[in-house]
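Undergrad: Structure file my_file-v3.csv (CSV, C-alpha atoms) is given on the next line.
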```csv
chain,number,residue,atom,x,y,z
A,1,MET,CA,-72.2,-40.4,7.1
A,2,THR,CA,-69.5,-43.0,7.8
A,3,THR,CA,-65.8,-42.0,8.0
A,4,GLU,CA,-65.2,-43.8,4.7
A,5,GLU,CA,-68.0,-41.9,3.0
A,6,ARG,CA,-66.7,-38.6,4.3
A,7,ILE,CA,-63.2,-39.5,3.0
A,8,GLU,CA,-64.6,-40.2,-0.4
A,9,ALA,CA,-66.8,-37.1,-0.5
A,10,SER,CA,-63.9,-34.9,0.5
A,11,GLU,CA,-61.5,-35.8,-2.3
A,12,THR,CA,-60.6,-32.5,-4.0
A,13,ARG,CA,-59.4,-32.0,-7.6
A,14,ILE,CA,-58.2,-28.7,-9.0
A,15,PHE,CA,-56.8,-28.0,-12.4
A,16,LYS,CA,-54.3,-25.1,-13.2
A,17,ALA,CA,-52.4,-24.0,-16.2
A,18,VAL,CA,-48.7,-23.3,-15.7
A,19,PHE,CA,-47.9,-19.8,-16.9
A,20,PRO,CA,-44.5,-18.2,-17.2
A,21,ASN,CA,-45.1,-16.0,-14.2
A,22,THR,CA,-45.0,-19.1,-12.0
A,23,THR,CA,-41.8,-20.6,-13.4
A,24,ASN,CA,-38.1,-20.3,-12.7
A,25,HIS,CA,-35.1,-19.6,-15.0
A,26,TYR,CA,-35.4,-23.2,-16.2
A,27,ASP,CA,-38.9,-22.5,-17.4
A,28,THR,CA,-40.4,-25.0,-14.9
A,29,LEU,CA,-42.8,-24.4,-12.0
A,30,PHE,CA,-41.1,-23.1,-8.8
A,31,GLY,CA,-41.0,-25.7,-6.1
A,32,GLY,CA,-42.4,-23.2,-3.6
A,33,THR,CA,-45.4,-22.5,-5.9
A,34,ALA,CA,-46.1,-26.2,-6.2
A,35,MET,CA,-46.0,-26.6,-2.4
A,36,GLN,CA,-48.4,-23.6,-2.0
A,37,LEU,CA,-50.8,-25.2,-4.5
A,38,MET,CA,-50.5,-28.6,-2.7
A,39,ASP,CA,-51.2,-27.0,0.7
A,40,GLU,CA,-54.2,-25.2,-0.7
A,41,VAL,CA,-55.7,-28.4,-2.1
A,42,ALA,CA,-54.9,-30.3,1.1
A,43,PHE,CA,-56.6,-27.5,3.1
A,44,ILE,CA,-59.8,-27.8,1.0
A,45,ALA,CA,-59.9,-31.6,1.3
A,46,ALA,CA,-59.3,-31.4,5.1
A,47,THR,CA,-62.0,-28.8,5.5
A,48,ARG,CA,-64.5,-30.7,3.3
A,49,PHE,CA,-63.8,-33.8,5.5
A,50,ALA,CA,-64.0,-32.1,8.9
A,51,ARG,CA,-66.4,-29.2,8.2
A,52,LYS,CA,-64.5,-27.4,10.9
A,53,ARG,CA,-61.6,-24.9,11.0
A,54,VAL,CA,-58.4,-26.6,10.2
A,55,VAL,CA,-54.8,-25.5,10.2
A,56,THR,CA,-51.7,-27.1,8.6
A,57,VAL,CA,-49.4,-28.5,11.2
A,58,SER,CA,-46.8,-30.3,9.0
A,59,SER,CA,-45.9,-31.3,5.5
A,60,ASP,CA,-44.1,-34.6,5.1
A,61,LYS,CA,-41.7,-35.8,2.4
A,62,ILE,CA,-42.7,-33.9,-0.7
A,63,ASP,CA,-41.1,-35.8,-3.7
A,64,PHE,CA,-40.5,-33.9,-6.8
A,65,LYS,CA,-40.4,-36.7,-9.3
A,66,ARG,CA,-40.6,-34.7,-12.5
A,67,SER,CA,-40.2,-31.0,-13.3
A,68,ILE,CA,-43.4,-29.2,-14.5
A,69,PRO,CA,-42.7,-27.0,-17.6
A,70,ALA,CA,-44.6,-23.8,-18.5
A,71,GLY,CA,-47.4,-24.4,-20.9
A,72,THR,CA,-48.7,-27.6,-19.2
A,73,ILE,CA,-51.9,-28.2,-17.3
A,74,VAL,CA,-51.6,-29.6,-13.8
A,75,GLU,CA,-54.2,-31.6,-11.9
A,76,LEU,CA,-53.8,-31.6,-8.1
A,77,ILE,CA,-55.7,-34.3,-6.2
A,78,GLY,CA,-56.1,-34.2,-2.4
A,79,LYS,CA,-57.3,-37.3,-0.5
A,80,VAL,CA,-57.6,-37.8,3.2
A,81,VAL,CA,-55.5,-40.9,4.0
A,82,HIS,CA,-55.5,-41.0,7.8
A,83,VAL,CA,-57.9,-39.7,10.4
A,84,GLY,CA,-57.1,-39.3,14.1
A,85,ASN,CA,-59.2,-37.7,16.9
A,86,THR,CA,-58.2,-34.1,16.1
A,87,SER,CA,-56.0,-34.5,13.1
A,88,MET,CA,-55.9,-35.9,9.6
A,89,LYS,CA,-53.3,-36.6,6.9
A,90,VAL,CA,-54.0,-35.5,3.4
A,91,ASN,CA,-52.0,-36.9,0.4
A,92,VAL,CA,-51.6,-34.6,-2.5
A,93,GLU,CA,-50.5,-35.6,-6.0
A,94,ILE,CA,-49.7,-33.3,-8.9
A,95,TYR,CA,-50.1,-34.7,-12.4
A,96,THR,CA,-49.0,-32.9,-15.5
A,97,GLU,CA,-50.8,-33.0,-18.8
A,98,GLN,CA,-49.5,-31.7,-22.1
A,99,MET,CA,-52.0,-29.2,-23.5
A,100,TYR,CA,-52.1,-30.7,-27.0
A,101,SER,CA,-51.8,-34.4,-26.3
A,102,TYR,CA,-53.2,-37.0,-23.9
A,103,GLU,CA,-49.8,-37.5,-22.2
A,104,ARG,CA,-50.1,-37.5,-18.4
A,105,GLU,CA,-47.5,-38.1,-15.7
A,106,ARG,CA,-47.3,-37.9,-11.9
A,107,ALA,CA,-44.8,-35.1,-11.1
A,108,ILE,CA,-45.0,-34.4,-7.3
A,109,VAL,CA,-46.5,-36.2,-4.3
A,110,GLY,CA,-46.6,-35.2,-0.6
A,111,ASP,CA,-48.5,-35.4,2.6
A,112,PHE,CA,-49.9,-32.6,4.8
A,113,THR,CA,-51.2,-33.0,8.3
A,114,PHE,CA,-54.0,-30.8,9.6
A,115,VAL,CA,-55.6,-30.3,13.0
A,116,ALA,CA,-59.1,-29.1,13.6
A,117,ILE,CA,-59.3,-26.1,16.0
A,118,ASP,CA,-62.0,-24.2,17.9
A,119,GLU,CA,-62.4,-20.4,18.1
A,120,PHE,CA,-59.7,-20.4,20.8
A,121,LYS,CA,-57.3,-22.3,18.5
A,122,LYS,CA,-57.5,-25.4,20.7
A,123,PRO,CA,-57.6,-28.8,19.0
A,124,ILE,CA,-61.1,-30.3,18.7
A,125,SER,CA,-62.4,-33.7,17.5
A,126,ILE,CA,-63.1,-34.3,13.8
A,127,LEU,CA,-65.0,-37.5,14.3
```
Can the structure from this file be put into structure tokens for me?
TA:
Amino acid sequence: MTTEERIEASETRIFKAVFPNTTNHYDTLFGGTAMQLMDEVAFIAATRFARKRVVTVSSDKIDFKRSIPAGTIVELIGKVVHVGNTSMKVNVEIYTEQMYSYERERAIVGDFTFVAIDEFKKPISIL
């Protein structure tokens, strides 16, 4: 399988409903909860690409463009956007959808970098 085919096959999409137990006093999704969900989706995409143990080594510039209110559906999309020898960068976008309409907006975007490791926690090749 080529690198491009592996990238395409590793794209990860997850849907979640935003319930009140994940929101702040403004009735919008906690930023930390959004970042946790993004890291999880990025981890799955990175693992699906590398098919090896991976760990998060950084998150870059997470832009909160819109708040995410309780009672909406969110879609998280993780895509590998750069591949190095031992590391990869995964871009994650969160889109909001109103439950009872077809309205959809991009709310948050950010990048996460992962490194593949062996059983001794040393970086290994992902190619």
Undergrad: Which residue out of A:Ala45, A:Val57, A:Ile77, A:Val90 has the minimum interatomic distance to Lys16 of chain A when only C-alpha atoms are used?
TA: A:Ile77
Undergrad: Which neighbours of Ile14 of chain A fall inside 10 Å, counting all atoms listed in the file, when residues of the same chain fewer than 3 positions from it are skipped, and could you give them as a list in words?
TA: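 Listed by chain and then number, they are Leu37, Met38, Glu40, Val41, Val74, Glu75, Leu76, Ile77, Gly78 and Ile94 of chain A.
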Undergrad: Counting only C-alpha atoms, which residues have an atom no more than 7 Å from (-47.7, -36.6, -5.4) in the file's coordinates? Please list them as a list in words.
TA: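 Neighbouring residues, ordered by chain and number, come to Asp63, Val92, Glu93, Ile94, Arg106, Ala107, Ile108, Val109 and Gly110 of chain A.
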Undergrad: Please list as a PyMOL selection string every residue within 6 Å of Ile124 of chain A, counting only C-alpha atoms and excluding residues in the same chain fewer than 3 positions away.
TA: chain A and resi 86+116-117
Undergrad: Could you please determine the separation between atom CA of Pro123 of chain A and atom CA of Gly32 of chain A in Å, to one decimal place?
TA: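 Between these atoms lies a distance of 27.8 Å.
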Undergrad: Which is closer to Leu127 of chain A than all the others in A:Ile73, A:Met99, A:Val83, A:Ala9, using all atoms listed in the file?
TA: A:Val83
Undergrad: Quote the spacing between atom CA of Thr113 of chain A and atom CA of Glu5 of chain A in Å to one decimal place.
TA: 19.7 Å
Undergrad: Write out as a VMD selection string which residues come within 12 Å of segment 49-53 of chain A when counting all atoms listed in the file, dropping same-chain ones fewer than 3 positions away.
TA: chain A and resid 1 to 12 42 to 46 56 78 to 90 114 to 127
Undergrad: To one decimal place in Å, what is the distance between atom CA of Asn91 of chain A and atom CA of Phe112 of chain A?
TA: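 Distance between the two atoms: 6.5 Å.
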Undergrad: Looking at only C-alpha atoms, which of A:Glu103, A:Tyr95, A:Asp111, A:Gly71 is the one that sits closest to Asp27 of chain A?
TA: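 Between A:Glu103, A:Tyr95, A:Asp111, A:Gly71, the residue approaching Asp27 of chain A most closely is A:Gly71.
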Undergrad: Which is closest to Thr22 of chain A among A:Thr47, A:Val55, A:Asp60, A:Thr72, if we use all atoms listed in the file?
TA: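 Distance minimum relative to Thr22 of chain A lands on A:Thr72.
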